[in-house]
$ cat upload-v7.cif   # mmCIF, C-alpha atoms
data_protein
loop_
_atom_site.label_atom_id
_atom_site.label_comp_id
_atom_site.auth_asym_id
_atom_site.auth_seq_id
_atom_site.Cartn_x
_atom_site.Cartn_y
_atom_site.Cartn_z
CA MET G 458 1.23 2.84 -8.90
CA SER G 459 0.33 3.82 -5.37
CA ALA G 460 3.03 5.41 -3.24
CA ALA G 461 4.46 2.28 -1.67
CA GLY G 462 2.23 -0.49 -2.94
CA ILE G 463 2.87 -3.33 -5.35
CA SER G 464 1.36 -2.67 -8.75
CA PRO G 465 0.20 -5.33 -11.21
CA PRO G 466 2.80 -6.66 -13.67
CA GLU G 467 3.11 -5.03 -17.04
CA PRO G 468 2.68 -7.15 -20.17
CA GLN G 469 5.58 -9.56 -20.75
CA GLY G 470 8.32 -7.89 -22.76
CA GLY G 471 6.66 -4.47 -22.64
CA ARG G 472 8.87 -1.42 -22.26
CA SER G 473 8.21 0.81 -19.30
CA ALA G 474 7.02 4.31 -20.07
CA PRO G 475 8.88 7.34 -18.70
CA SER G 476 7.11 9.10 -15.89
CA THR G 477 7.76 12.08 -13.69
CA ALA G 478 9.55 11.35 -10.42
CA GLY G 479 8.18 12.54 -7.08
CA ALA G 480 9.83 15.69 -5.71
CA GLY G 481 12.55 15.45 -8.36
CA LEU G 482 13.84 12.12 -7.04
CA PRO G 483 14.23 9.06 -9.28
CA GLY G 484 11.86 6.17 -8.58
CA ASN G 485 9.31 5.90 -5.79
CA LEU G 486 9.12 8.91 -3.47
CA MET G 487 8.04 6.84 -0.44
CA MET G 488 11.07 4.58 -0.86
CA TRP G 489 13.27 7.67 -0.71
CA VAL G 490 11.49 8.72 2.49
CA LEU G 491 12.36 5.28 3.90
CA ILE G 492 15.97 5.50 2.67
CA ALA G 493 16.38 8.95 4.23
CA SER G 494 14.89 7.82 7.55
CA GLU G 495 17.15 4.74 7.63
CA LEU G 496 20.21 6.90 6.89
CA LEU G 497 19.21 9.24 9.70
CA ALA G 498 18.71 6.33 12.13
CA PHE G 499 21.92 4.50 11.26
CA GLY G 500 23.82 7.80 11.25
CA GLY G 501 22.70 8.28 14.84
CA PHE G 502 23.74 4.72 15.69
CA PHE G 503 27.20 5.23 14.20
CA ILE G 504 27.72 8.45 16.16
CA ALA G 505 26.53 6.69 19.34
CA PHE G 506 29.01 3.88 18.61
CA ALA G 507 31.82 6.45 18.23
CA VAL G 508 30.88 8.13 21.53
CA SER G 509 30.96 4.74 23.29
CA TYR G 510 34.31 3.98 21.63
CA ALA G 511 35.77 7.27 22.86
CA GLY G 512 34.60 6.40 26.38
CA ASP G 513 36.67 3.20 26.51
CA PRO G 514 39.01 2.87 23.48
CA ALA G 515 40.99 -0.05 24.95
CA LEU G 516 37.88 -2.16 25.46
CA PHE G 517 36.59 -1.42 21.94
CA ARG G 518 39.98 -2.17 20.31
CA ALA G 519 40.15 -5.47 22.18
CA GLY G 520 36.62 -6.30 21.01
CA GLN G 521 37.36 -5.35 17.40
CA ALA G 522 40.47 -7.57 17.49
CA GLN G 523 38.13 -10.54 18.13
CA LEU G 524 36.21 -9.88 14.88
CA ASP G 525 37.06 -11.60 11.61
CA ARG G 526 37.77 -8.56 9.44
CA ARG G 527 38.55 -10.62 6.33
CA LEU G 528 35.10 -12.20 6.51
CA GLY G 529 33.75 -8.66 6.72
CA VAL G 530 35.63 -7.69 3.54
CA ILE G 531 34.29 -10.79 1.77
CA ASN G 532 30.75 -10.00 2.89
CA THR G 533 31.18 -6.42 1.64
CA LEU G 534 32.11 -7.73 -1.82
CA VAL G 535 29.19 -10.18 -1.70
CA LEU G 536 26.71 -7.40 -0.93
CA LEU G 537 28.17 -4.99 -3.51
CA THR G 538 27.97 -7.71 -6.17
CA SER G 539 24.40 -8.42 -5.13
CA GLY G 540 23.73 -4.70 -5.57
CA LEU G 541 25.14 -4.89 -9.11
CA PHE G 542 22.81 -7.79 -9.96
CA ALA G 543 19.85 -5.88 -8.51
CA ALA G 544 20.75 -2.77 -10.53
CA LEU G 545 21.05 -4.94 -13.65
CA ALA G 546 17.54 -6.24 -12.89
CA VAL G 547 16.24 -2.65 -13.05
CA ARG G 548 18.14 -1.97 -16.26
CA THR G 549 16.89 -5.22 -17.80
CA ARG G 550 13.28 -4.55 -16.76
CA HIS G 551 13.44 -1.09 -18.33
CA ASP G 552 14.60 -2.85 -21.51
CA GLY G 553 11.49 -5.05 -21.34
CA ASP G 554 12.97 -8.50 -20.59
CA VAL G 555 10.93 -9.86 -17.66
CA ARG G 556 12.52 -13.33 -17.66
CA ALA G 557 16.07 -11.95 -17.43
CA THR G 558 14.94 -9.47 -14.78
CA ARG G 559 13.74 -12.34 -12.60
CA GLY G 560 17.08 -14.07 -13.13
CA TRP G 561 19.03 -11.03 -11.93
CA LEU G 562 16.72 -10.64 -8.93
CA ALA G 563 17.20 -14.31 -8.03
CA LEU G 564 20.99 -13.90 -8.20
CA ALA G 565 20.83 -10.76 -6.04
CA ALA G 566 18.69 -12.58 -3.44
CA ALA G 567 21.00 -15.62 -3.51
CA LEU G 568 23.98 -13.42 -2.65
CA GLY G 569 21.87 -11.87 0.10
CA LEU G 570 21.40 -15.35 1.54
CA LEU G 571 25.16 -15.94 1.25
CA PHE G 572 25.74 -12.71 3.20
CA LEU G 573 23.42 -13.98 5.94
CA GLY G 574 25.17 -17.37 5.96
CA VAL G 575 28.56 -15.73 6.47
CA LYS G 576 27.06 -13.51 9.18
CA ALA G 577 25.51 -16.54 10.93
CA ALA G 578 28.88 -18.35 10.84
CA GLU G 579 30.52 -15.24 12.31
CA TYR G 580 27.96 -15.07 15.13
CA ALA G 581 28.26 -18.81 15.83
CA LYS G 582 32.05 -18.53 16.15
CA LYS G 583 31.79 -15.56 18.51
CA ILE G 584 29.15 -17.22 20.68
CA ALA G 585 31.21 -20.44 20.82
CA HIS G 586 34.04 -18.33 22.25
CA GLY G 587 31.73 -16.88 24.87
CA LEU G 588 31.42 -13.50 23.13
CA THR G 589 27.72 -12.65 23.39
CA ILE G 590 25.59 -9.52 23.53
CA THR G 591 26.11 -9.38 27.32
CA THR G 592 29.93 -9.68 27.20
CA ASP G 593 30.65 -5.93 27.23
CA SER G 594 29.49 -2.64 25.68
CA PHE G 595 31.44 -3.27 22.46
CA PHE G 596 29.78 -6.62 21.78
CA GLU G 597 26.40 -5.23 22.82
CA LEU G 598 26.69 -2.56 20.09
CA TYR G 599 28.28 -5.02 17.64
CA TYR G 600 25.35 -7.46 17.89
CA LEU G 601 22.72 -4.69 17.89
CA LEU G 602 24.10 -2.86 14.84
CA THR G 603 25.00 -5.90 12.73
CA GLY G 604 21.83 -7.74 13.84
CA PHE G 605 19.61 -4.76 12.94
CA HIS G 606 21.31 -4.60 9.56
CA ALA G 607 20.91 -8.37 9.06
CA LEU G 608 17.17 -8.01 9.70
CA HIS G 609 17.09 -5.45 6.89
CA VAL G 610 18.87 -7.99 4.65
CA VAL G 611 16.15 -10.55 5.47
CA ALA G 612 13.45 -7.98 4.65
CA GLY G 613 15.29 -7.07 1.44
CA ILE G 614 15.38 -10.69 0.27
CA VAL G 615 11.62 -11.00 0.86
CA ILE G 616 11.07 -7.75 -1.09
CA LEU G 617 13.26 -8.96 -3.98
CA ALA G 618 11.17 -12.17 -4.10
CA LEU G 619 7.94 -10.12 -4.08
CA VAL G 620 8.98 -7.85 -6.93
CA ALA G 621 10.24 -10.85 -8.94
CA TRP G 622 6.70 -12.21 -8.63
CA ARG G 623 4.90 -8.91 -9.37
CA CYS G 624 7.50 -7.87 -11.91
CA SER G 625 6.41 -4.43 -13.17
CA ALA G 626 9.22 -1.94 -13.87
CA ASP G 627 7.90 0.27 -11.08
CA ASN G 628 7.87 -2.56 -8.53
CA VAL G 629 11.35 -3.76 -9.49
CA GLU G 630 12.83 -0.27 -9.19
CA THR G 631 11.15 0.30 -5.81
CA GLY G 632 12.14 -3.08 -4.33
CA VAL G 633 15.69 -2.81 -5.61
CA ALA G 634 16.01 0.68 -4.09
CA PHE G 635 15.40 -0.92 -0.67
CA TRP G 636 18.14 -3.45 -1.43
CA HIS G 637 20.59 -0.69 -2.33
CA MET G 638 19.76 1.06 0.96
CA VAL G 639 20.76 -2.14 2.78
CA ASP G 640 23.99 -2.13 0.74
CA LEU G 641 24.60 1.55 1.54
CA VAL G 642 24.25 1.02 5.30
CA TRP G 643 26.72 -1.90 5.27
CA VAL G 644 29.26 0.17 3.29
CA LEU G 645 29.32 2.58 6.26
CA LEU G 646 28.78 0.07 9.09
CA PHE G 647 31.66 -2.27 8.24
CA PRO G 648 34.53 0.26 8.41
CA ILE G 649 33.14 1.98 11.51
CA VAL G 650 32.40 -1.12 13.59
CA TYR G 651 35.10 -3.52 12.36
CA LEU G 652 38.04 -1.40 11.22
CA LEU G 653 38.16 2.09 12.76
CA ARG G 654 40.39 2.04 15.85
CA MET S 859 9.49 5.57 -11.69
CA THR S 860 12.75 6.62 -13.29
CA SER S 861 12.73 7.33 -16.98
CA PRO S 862 14.52 4.35 -18.59
CA ASP S 863 16.74 6.83 -20.41
CA THR S 864 18.21 8.16 -17.15
CA PHE S 865 18.99 4.77 -15.58
CA PRO S 866 22.68 3.78 -15.94
CA SER S 867 23.68 1.45 -18.77
CA ARG S 868 25.04 -2.06 -18.12
CA ARG S 869 28.53 -0.80 -18.86
CA ALA S 870 28.15 2.06 -16.35
CA LEU S 871 26.83 -0.36 -13.70
CA LEU S 872 29.76 -2.74 -14.23
CA ALA S 873 32.21 0.19 -14.00
CA THR S 874 30.49 1.24 -10.76
CA TRP S 875 30.85 -2.26 -9.32
CA ALA S 876 34.56 -2.32 -10.27
CA ALA S 877 35.10 1.05 -8.55
CA LEU S 878 33.24 -0.18 -5.45
CA ALA S 879 35.35 -3.36 -5.33
CA ALA S 880 38.56 -1.33 -5.70
CA LEU S 881 37.47 1.03 -2.92
CA THR S 882 36.67 -1.99 -0.73
CA LEU S 883 40.29 -3.10 -1.13
CA VAL S 884 41.42 0.43 -0.22
CA THR S 885 39.20 0.21 2.87
CA ALA S 886 40.64 -3.19 3.77
CA ALA S 887 44.22 -1.94 3.31
CA ALA S 888 43.65 1.26 5.31
CA GLY S 889 41.98 -0.81 8.03
CA GLY S 890 45.02 -3.08 8.34
CA THR S 891 43.17 -6.14 7.06
CA LEU S 892 45.43 -7.19 4.20
CA LEU S 893 48.72 -7.46 6.07
CA PRO S 894 49.42 -9.33 9.32
CA THR S 895 49.42 -6.62 12.00
CA ASP S 896 48.47 -6.35 15.65
CA PRO S 897 44.65 -6.45 15.36
CA ALA S 898 44.21 -4.16 18.37
CA ALA S 899 46.81 -1.55 17.35
CA PRO S 900 45.36 1.91 16.57
CA LEU S 901 45.31 2.79 12.87
CA GLY S 902 46.70 6.29 13.08
CA LEU S 903 44.92 9.42 11.89
CA ALA S 904 45.95 9.20 8.21
CA SER S 905 44.80 5.58 7.81
CA ALA S 906 41.56 6.29 9.69
CA ALA S 907 40.84 9.29 7.45
CA ALA S 908 41.63 7.23 4.31
CA LEU S 909 39.37 4.44 5.59
CA LEU S 910 36.41 6.76 6.12
CA LEU S 911 37.05 8.68 2.88
CA ALA S 912 36.92 5.40 0.92
CA ALA S 913 33.71 4.47 2.76
CA GLY S 914 32.20 7.86 1.91
CA LEU S 915 33.13 7.52 -1.77
CA LYS S 916 31.54 4.05 -1.84
CA ALA S 917 28.36 5.38 -0.25
CA ARG S 918 28.24 8.18 -2.83
CA LEU S 919 28.68 5.70 -5.70
CA VAL S 920 25.82 3.53 -4.37
CA LEU S 921 23.62 6.64 -4.07
CA MET S 922 24.48 8.17 -7.45
CA ARG S 923 24.70 5.04 -9.62
CA TYR S 924 22.88 2.10 -8.04
CA LEU S 925 20.11 4.33 -6.61
CA ASN S 926 20.40 6.69 -9.61
CA LEU S 927 20.38 9.81 -7.45
CA ARG S 928 22.39 11.54 -10.19
CA ALA S 929 19.04 11.84 -12.02
CA ALA S 930 17.67 13.93 -9.13
CA GLY S 931 17.98 17.65 -8.63
CA GLU S 932 21.24 19.11 -7.31
CA GLY S 933 19.67 19.86 -3.92
CA TRP S 934 18.92 16.17 -3.26
CA ARG S 935 22.38 15.10 -4.39
CA VAL S 936 24.02 17.64 -2.09
CA LEU S 937 21.72 16.78 0.84
CA PHE S 938 22.45 13.02 0.78
CA THR S 939 26.17 13.53 0.14
CA VAL S 940 26.49 16.07 2.95
CA TRP S 941 24.64 13.82 5.40
CA VAL S 942 26.92 10.84 4.73
CA GLY S 943 30.02 13.05 4.87
CA LEU S 944 28.86 14.72 8.06
CA VAL S 945 28.25 11.42 9.86
CA LEU S 946 31.70 10.11 8.86
CA LEU S 947 33.38 13.39 9.87
CA ILE S 948 31.64 13.39 13.27
CA VAL S 949 32.69 9.76 13.84
CA LEU S 950 36.31 10.62 12.93
CA VAL S 951 36.35 13.68 15.20
CA ILE S 952 34.92 11.73 18.15
CA VAL S 953 37.23 8.71 17.79
CA TYR S 954 40.35 10.67 16.82
CA GLY S 955 39.70 13.93 18.68
CA PRO S 956 43.07 14.20 20.49
CA ALA S 957 45.06 13.14 17.39
CA LEU S 958 43.15 15.66 15.27
CA ALA S 959 43.87 18.45 17.78
CA ASP S 960 47.58 17.58 17.67
CA ALA S 961 47.56 17.58 13.85
CA ILE S 962 45.82 20.96 13.71
CA ASN S 963 48.23 22.43 16.31
CA SER S 964 51.23 21.23 14.31
CA PHE S 965 50.02 23.22 11.29
CA SER S 966 49.19 26.39 13.24
#
$ encode --input "upload-v7.cif" --output "structure tokens"
Amino acid sequence: MSAAGISPPEPQGGRSAPSTAGAGLPGNLMMWVLIASELLAFGGFFIAFAVSYAGDPALFRAGQAQLDRRLGVINTLVLLTSGLFAALAVRTRHDGDVRATRGWLALAAALGLLFLGVKAAEYAKKIAHGLTITTDSFFELYYLLTGFHALHVVAGIVILALVAWRCSADNVETGVAFWHMVDLVWVLLFPIVYLLR
Amino acid sequence: MTSPDTFPSRRALLATWAALAALTLVTAAAGGTLLPTDPAAPLGLASAAALLLAAGLKARLVLMRYLNLRAAGEGWRVLFTVWVGLVLLIVLVIVYGPALADAINSFS
């Protein structure tokens, strides 16, 4: 298929043929370019967060104490389980079962929606307590970082739906790689923003 | 596209998920989430290091297994692992700079 495009579906039940990977990386090279650029960007954000923390540790600790860390742990498990379902979709598509692949993708997307629901409840609770993006520098960074990540979750759910529709092995692997990138960012974001103090 | 032969088996993916879930509990414990503690109290250097180490191991598992980076060349594996480790180390040094200096001085 083209570098980042959506290719037509393969015949139902057909096994995917092995192919060479771009630049020695598994899957779609352009998706790896995106993953690397996202890791660079979020890495910069995390370092900026740490610098702000070091500038006013008391304010950041007080802000972190207002967060629901247990909800964060639950959301981490939700996203990691969603990642498992997405990986099983890739495995299943390589084995040639399109129907089961779509099932795994639907489950992965459903858990993505659950993640967003928990995040929305978390935001609603904070805002009800008067903790908004203008409250202080901690909450400004909290909303920006978690909001930017949540937008990636929304994009990931749309991509999972797209590749479930155009369900070639190549498309599924590429779309799921984006989903794992979203997972990867959260695995780093949660401990840094919610727990490290 | 990845060769189907190099993509992890269902069993390997389930084992990866179990390891990620276990490391999430380690993260939660190191971050003082499991026990009732003062939510604003500092973690201490050892807990902070354990927290970020667990996060780094989780990130590596997602890269190597879910994203199947283990099928890539060694250079790519090292590059992604070093980047994640470097970011976490820089964060730890910035947040825990004075405590780290004290710990290093106590050993020297």
$ resolve_selection --input "upload-v7.cif" --expression "the PyMOL selection byres ((chain S and resi 905) around 10)" --output "ChimeraX atom specification"
/G:653-654 /S:885,887-890,900-904,906-911
$ closest_residue --input "upload-v7.cif" --among "S:Ala879, S:Ala913, S:Ala873, S:Leu919" --to "Asn532 in chain G" --atoms "all atoms listed in the file"
S:Ala879
$ interface_residues --input "upload-v7.cif" --of "chain S" --to "chain G" --cutoff "8 Å" --atoms "all atoms listed in the file" --output "number ranges by chain"
S: 859-862, 865-868, 871-872, 875, 878-879, 882, 885-886, 889-892, 897-901, 906, 909-910, 913-914, 916-917, 920-921, 924-927, 929-931, 934, 942, 945, 948-949, 952-953
$ atom_distance --input "upload-v7.cif" --atom1 "CA of Trp941 in chain S" --atom2 "CA of Val639 in chain G"
16.6 Å
$ resolve_selection --input "upload-v7.cif" --expression "the PyMOL selection byres ((chain G and resi 571-573) around 9)" --output "list in words"
Ile531, Asn532, Thr533, Val535, Leu536, Ala566, Ala567, Leu568, Gly569, Leu570, Gly574, Val575, Lys576, Ala577, Ala578, Ala607, Val610 and Val611 of chain G
$ atom_distance --input "upload-v7.cif" --atom1 "CA of Ala612 in chain G" --atom2 "CA of Ala546 in chain G"
18.1 Å
$ atom_distance --input "upload-v7.cif" --atom1 "CA of Ala498 in chain G" --atom2 "CA of Arg918 in chain S"
17.8 Å
$ build_atoms --input "upload-v7.cif" --residues "range 888-900 of chain S" --atoms "N, CA and C atoms" --output "short mmCIF file (atom, residue, chain, number, x, y, z; two decimals), keeping the file's coordinate frame"
data_model
loop_
_atom_site.label_atom_id
_atom_site.label_comp_id
_atom_site.auth_asym_id
_atom_site.auth_seq_id
_atom_site.Cartn_x
_atom_site.Cartn_y
_atom_site.Cartn_z
N ALA S 888 43.57 0.17 4.32
CA ALA S 888 43.65 1.26 5.31
C ALA S 888 43.28 0.75 6.70
N GLY S 889 42.40 -0.25 6.75
CA GLY S 889 41.98 -0.81 8.03
C GLY S 889 42.89 -1.89 8.56
N GLY S 890 44.03 -2.11 7.86
CA GLY S 890 45.02 -3.08 8.34
C GLY S 890 44.56 -4.52 8.21
N THR S 891 43.72 -4.79 7.22
CA THR S 891 43.17 -6.14 7.06
C THR S 891 44.02 -7.01 6.15
N LEU S 892 44.73 -6.40 5.21
CA LEU S 892 45.43 -7.19 4.20
C LEU S 892 46.77 -7.74 4.68
N LEU S 893 47.42 -7.02 5.59
CA LEU S 893 48.72 -7.46 6.07
C LEU S 893 48.61 -7.93 7.53
N PRO S 894 49.46 -8.88 7.93
CA PRO S 894 49.42 -9.33 9.32
C PRO S 894 49.94 -8.25 10.27
N THR S 895 49.04 -7.66 11.03
CA THR S 895 49.42 -6.62 12.00
C THR S 895 48.73 -6.93 13.32
N ASP S 896 49.14 -6.20 14.36
CA ASP S 896 48.47 -6.35 15.65
C ASP S 896 47.01 -5.90 15.48
N PRO S 897 46.05 -6.81 15.66
CA PRO S 897 44.65 -6.45 15.36
C PRO S 897 44.07 -5.40 16.29
N ALA S 898 44.73 -5.16 17.43
CA ALA S 898 44.21 -4.16 18.37
C ALA S 898 44.97 -2.84 18.29
N ALA S 899 46.01 -2.79 17.44
CA ALA S 899 46.81 -1.55 17.35
C ALA S 899 46.00 -0.44 16.68
N PRO S 900 46.07 0.80 17.21
CA PRO S 900 45.36 1.91 16.57
C PRO S 900 45.84 2.13 15.13
#
